[in-house]
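Trainee: I have a structure here, written as structure tokens, and I will follow up with some questions on it.
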There are 2 protein chains.
Amino acid sequence: MKKAFLLSSAILLAISSVFGQDNSKADEALTNKIIAIERAALEEWNKGNPDAYLIIYATDYTYFDPYLEKRVDGFDAIKKLYDGIKGQVSVDHYEMIDPMVQILAKDVAVLTFNLYSYSGNEVYKWNCTEVFNLQPDKAWKIIHTHWSYIRPIGQ
Amino acid sequence: MKKAFLLSSAILLAISSVFGQDNSKADEALTNKIIAIERAALEEWNKGNPDAYLIIYATDYTYFDPYLEKRVDGFDAIKKLYDGIKGQVSVDHYEMIDPMVQILAKDVAVLTFNLYSYSGNEVYKWNCTEVFNLQPDKAWKIIHTHWSYIRPIGQ
């Protein structure tokens with residue numbers, strides 16, 4: 001009985017160790033995937049095409065940016081906002097600085113980074129938070145975005 | 001056999017309906033709880049006591065605000081920052097505007113709101129994002145904060 005217990009403990013330990021490794025590899029893969037999703041949408045945004053972001057926004061999406069008085073609530077509201085600025089953004093190149101993905105409960109991933117966007121002689125420096133949530137169809141979509149300027153002048 | 005199937009289907013439907021109601025009640029209770037946690041910490045903050053926030057920050061905490069060049073990573077780093085401003089904040093009264101809680105996977109809750117903080121003749125207007133995560137000890141703690149000014153001047 002004792003031997004059987006020890007054996008099953010050893011098996012459990014081996015299994016959890018294997019799963020542990022798998023988890024860490026899975027986390028690394030998910031981190032890379034989330035950053036890649038963001039970069040792909042951002043690169044389209046930089047060419048004046050906001051639709052690439054709309055594709056990865058969930059229905060119950062919320063949004064803050066420094067140009068608005070209030071939070072934007074819901075996909076339809078953000079679509080209306082983005083439709084109004086189609087073709088107006090032009091970023092020559094960008095740097096995504098220190099992206100970090102905090103993975104919660106396997107179906108939530110919080111991406112944060114700084115962004116330097118270069119446009120002509122200007123550089124715009126941003127803080128960005130994107131909360132991703134795994135959808136029932138297994139697509140990762142964003143449920144909340146918060147853009148703000150790094151050390152804005154004023155206030 | 002068919003009757004037994006129909007009966008068990010009816011029971012399942014009844015159970016899921018009851019759980020549906022429970023879920024919506026549970027969501028409302030969690031929404032109120034998350035807002036109450038934030039308000040309690042904020043009210044201490046407004047008296048110059050940042051420790052009330054530190055108590056509800058998780059170990060792997062990250063933070064953006066408009067005074068910093070970079071994200072703050074980890075509990076020790078935010079504690080150092082907050083220890084340096086102890087006693088310096090003095091807010092007479094505040095308004096938490098349109099708080100919303102997006103509940104994900106039962107153990108993640110994303111709280112967003114606008115905040116008007118009145119101090120003497122000044123009013124500071126904020127966007128705020130707080131990502132709460134249920135910890136193994138069943139306490140709700142914040143894993144990410146993003147504070148920014150509403151429509152900051154400049155940039």
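Labels used: A, B, ... for chains in the order of the structure tokens, numbers from 1 for residues in each chain, and numbers from 1 for ligands as shown.
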Near range 24-34 of chain A, within 12 Å and counting only C-alpha atoms, which residues show up once chain neighbours fewer than 2 positions away are dropped, as a ChimeraX atom specification?

Mentor: /A:17-22,36-41,56,99-112,130-134,139-142

Trainee: Please write the residues from the selection above to a file, keeping N, CA and C atoms, as a compact mmCIF listing (two decimals), in the first residue's frame.

Mentor:
```txt
# COMPACT_ATOMS: atom_id res chain seq x y z
N SER A 17 5.46 18.14 -13.04
CA SER A 17 6.68 18.75 -13.54
C SER A 17 6.60 18.97 -15.05
N VAL A 18 6.10 17.96 -15.76
CA VAL A 18 5.94 18.07 -17.21
C VAL A 18 4.95 19.19 -17.54
N PHE A 19 3.82 19.22 -16.78
CA PHE A 19 2.82 20.27 -17.02
C PHE A 19 3.40 21.64 -16.73
N GLY A 20 4.22 21.71 -15.67
CA GLY A 20 4.88 22.97 -15.31
C GLY A 20 5.68 23.50 -16.48
N GLN A 21 6.47 22.62 -17.08
CA GLN A 21 7.27 23.04 -18.24
C GLN A 21 6.37 23.47 -19.39
N ASP A 22 5.31 22.65 -19.58
CA ASP A 22 4.38 22.98 -20.66
C ASP A 22 3.76 24.35 -20.43
N ALA A 36 2.26 39.79 -31.15
CA ALA A 36 2.16 39.75 -32.62
C ALA A 36 0.80 40.27 -33.10
N ILE A 37 -0.27 39.93 -32.37
CA ILE A 37 -1.62 40.42 -32.74
C ILE A 37 -1.64 41.94 -32.66
N GLU A 38 -1.06 42.49 -31.56
CA GLU A 38 -1.04 43.94 -31.36
C GLU A 38 -0.22 44.63 -32.47
N ARG A 39 0.96 44.09 -32.73
CA ARG A 39 1.84 44.70 -33.75
C ARG A 39 1.16 44.73 -35.11
N ALA A 40 0.49 43.63 -35.47
CA ALA A 40 -0.16 43.54 -36.78
C ALA A 40 -1.23 44.63 -36.92
N ALA A 41 -2.03 44.81 -35.86
CA ALA A 41 -3.09 45.83 -35.90
C ALA A 41 -2.48 47.23 -35.91
N ILE A 56 -10.16 42.95 -33.99
CA ILE A 56 -9.75 42.26 -32.75
C ILE A 56 -10.38 42.89 -31.49
N PRO A 99 7.34 45.55 -24.08
CA PRO A 99 6.02 44.92 -23.97
C PRO A 99 6.04 43.82 -22.90
N MET A 100 4.98 43.79 -22.09
CA MET A 100 4.84 42.75 -21.07
C MET A 100 3.43 42.18 -21.17
N VAL A 101 3.32 40.86 -21.03
CA VAL A 101 1.99 40.23 -21.03
C VAL A 101 1.78 39.53 -19.69
N GLN A 102 0.77 39.99 -18.95
CA GLN A 102 0.40 39.33 -17.69
C GLN A 102 -0.75 38.38 -18.00
N ILE A 103 -0.50 37.07 -17.83
CA ILE A 103 -1.50 36.05 -18.18
C ILE A 103 -2.28 35.66 -16.93
N LEU A 104 -3.61 35.75 -17.03
CA LEU A 104 -4.47 35.46 -15.89
C LEU A 104 -5.46 34.38 -16.28
N ALA A 105 -5.49 33.31 -15.53
CA ALA A 105 -6.54 32.30 -15.68
C ALA A 105 -6.62 31.71 -17.09
N LYS A 106 -5.55 31.76 -17.82
CA LYS A 106 -5.41 31.14 -19.15
C LYS A 106 -6.29 31.78 -20.23
N ASP A 107 -7.27 32.61 -19.85
CA ASP A 107 -8.08 33.22 -20.91
C ASP A 107 -8.11 34.74 -20.85
N VAL A 108 -7.25 35.31 -20.01
CA VAL A 108 -7.10 36.76 -19.98
C VAL A 108 -5.61 37.09 -20.07
N ALA A 109 -5.25 38.05 -20.90
CA ALA A 109 -3.85 38.45 -21.06
C ALA A 109 -3.81 39.98 -21.12
N VAL A 110 -3.07 40.58 -20.18
CA VAL A 110 -2.99 42.03 -20.11
C VAL A 110 -1.65 42.46 -20.72
N LEU A 111 -1.72 43.12 -21.88
CA LEU A 111 -0.52 43.60 -22.58
C LEU A 111 -0.30 45.06 -22.24
N THR A 112 0.91 45.39 -21.80
CA THR A 112 1.27 46.80 -21.56
C THR A 112 2.59 47.09 -22.25
N GLU A 130 -3.71 47.00 -23.05
CA GLU A 130 -4.70 46.25 -23.82
C GLU A 130 -5.07 45.00 -23.02
N VAL A 131 -6.36 44.84 -22.70
CA VAL A 131 -6.80 43.63 -22.00
C VAL A 131 -7.43 42.68 -23.01
N PHE A 132 -6.74 41.55 -23.23
CA PHE A 132 -7.21 40.53 -24.17
C PHE A 132 -8.01 39.45 -23.42
N ASN A 133 -9.05 38.94 -24.07
CA ASN A 133 -9.87 37.86 -23.49
C ASN A 133 -10.13 36.81 -24.57
N LEU A 134 -9.86 35.55 -24.21
CA LEU A 134 -10.10 34.45 -25.16
C LEU A 134 -11.60 34.30 -25.36
N ALA A 139 -10.69 32.82 -30.47
CA ALA A 139 -9.93 33.99 -30.93
C ALA A 139 -9.64 34.88 -29.72
N TRP A 140 -8.43 35.47 -29.68
CA TRP A 140 -8.10 36.44 -28.64
C TRP A 140 -8.57 37.81 -29.09
N LYS A 141 -9.45 38.42 -28.30
CA LYS A 141 -9.94 39.76 -28.65
C LYS A 141 -9.72 40.72 -27.48
N ILE A 142 -9.66 42.01 -27.81
CA ILE A 142 -9.42 43.03 -26.79
C ILE A 142 -10.76 43.49 -26.22
```

Trainee: What residues in chain A lie within 8 Å of chain B, counting only C-alpha atoms, written as a list in words?

Mentor: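 For chain A, the answer reads Phe64, Asp65, Pro66, Tyr67, Leu68, Glu69, Lys70, Arg71, Leu104, Ala105, Asp107, Val108, Phe113, Asn114, Tyr124, Asn127, Thr129, Asn133, His146, Ser148, Tyr149, Ile150, Arg151, Pro152, Ile153, Gly154 and Gln155 of chain A.
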
Trainee: What is the CA of Val72 in chain B-CA of Pro50 in chain B distance in Å, reported with one decimal?

Mentor: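 Atom-to-atom, CA of Val72 in chain B and CA of Pro50 in chain B are spaced 15.5 Å apart.
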
Trainee: So which bits of range 35-73 of chain B end up strand (DSSP E) when you DSSP the backbone, as number ranges by chain?

Mentor: B: 57-64, 72-73

Trainee: Taking N, CA, C and O atoms for each residue, export the selection above as a CSV table (one decimal), in the first residue's frame.

Mentor:
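The resulting file, part_35.csv, is shown below:
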```
chain,number,residue,atom,x,y,z
B,57,TYR,N,-2.6,45.6,-3.9
B,57,TYR,CA,-1.8,45.3,-5.1
B,57,TYR,C,-1.1,43.9,-5.0
B,57,TYR,O,-0.6,43.6,-4.0
B,58,ALA,N,-1.2,43.2,-6.1
B,58,ALA,CA,-0.6,41.8,-6.2
B,58,ALA,C,0.9,41.9,-6.3
B,58,ALA,O,1.5,43.0,-6.6
B,59,THR,N,1.6,40.8,-6.1
B,59,THR,CA,3.1,40.8,-6.2
B,59,THR,C,3.6,41.2,-7.6
B,59,THR,O,4.5,42.0,-7.7
B,60,ASP,N,2.9,40.7,-8.6
B,60,ASP,CA,3.3,41.0,-10.0
B,60,ASP,C,2.6,42.1,-10.6
B,60,ASP,O,2.0,42.1,-11.7
B,61,TYR,N,2.5,43.2,-9.9
B,61,TYR,CA,1.8,44.4,-10.2
B,61,TYR,C,2.5,45.3,-11.2
B,61,TYR,O,3.7,45.4,-11.2
B,62,THR,N,1.7,45.9,-12.1
B,62,THR,CA,2.3,46.9,-13.0
B,62,THR,C,1.5,48.2,-13.0
B,62,THR,O,0.3,48.2,-12.7
B,63,TYR,N,2.1,49.3,-13.4
B,63,TYR,CA,1.5,50.6,-13.1
B,63,TYR,C,2.0,51.7,-14.1
B,63,TYR,O,3.2,51.8,-14.4
B,64,PHE,N,1.0,52.4,-14.7
B,64,PHE,CA,1.3,53.6,-15.5
B,64,PHE,C,0.7,54.8,-14.9
B,64,PHE,O,-0.5,54.8,-14.4
B,72,VAL,N,5.9,51.1,-14.1
B,72,VAL,CA,6.5,50.6,-12.8
B,72,VAL,C,6.2,49.1,-12.8
B,72,VAL,O,5.0,48.7,-12.9
B,73,ASP,N,7.2,48.3,-12.6
B,73,ASP,CA,7.0,46.8,-12.6
B,73,ASP,C,7.3,46.2,-11.2
B,73,ASP,O,8.4,46.3,-10.7
```

Trainee: So, counting only C-alpha atoms, which residue among B:Tyr118, B:Glu44, B:Leu54, B:Met96 is closest to Asp76 in chain B?

Mentor: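 Closest to Asp76 in chain B of all the choices is B:Leu54.
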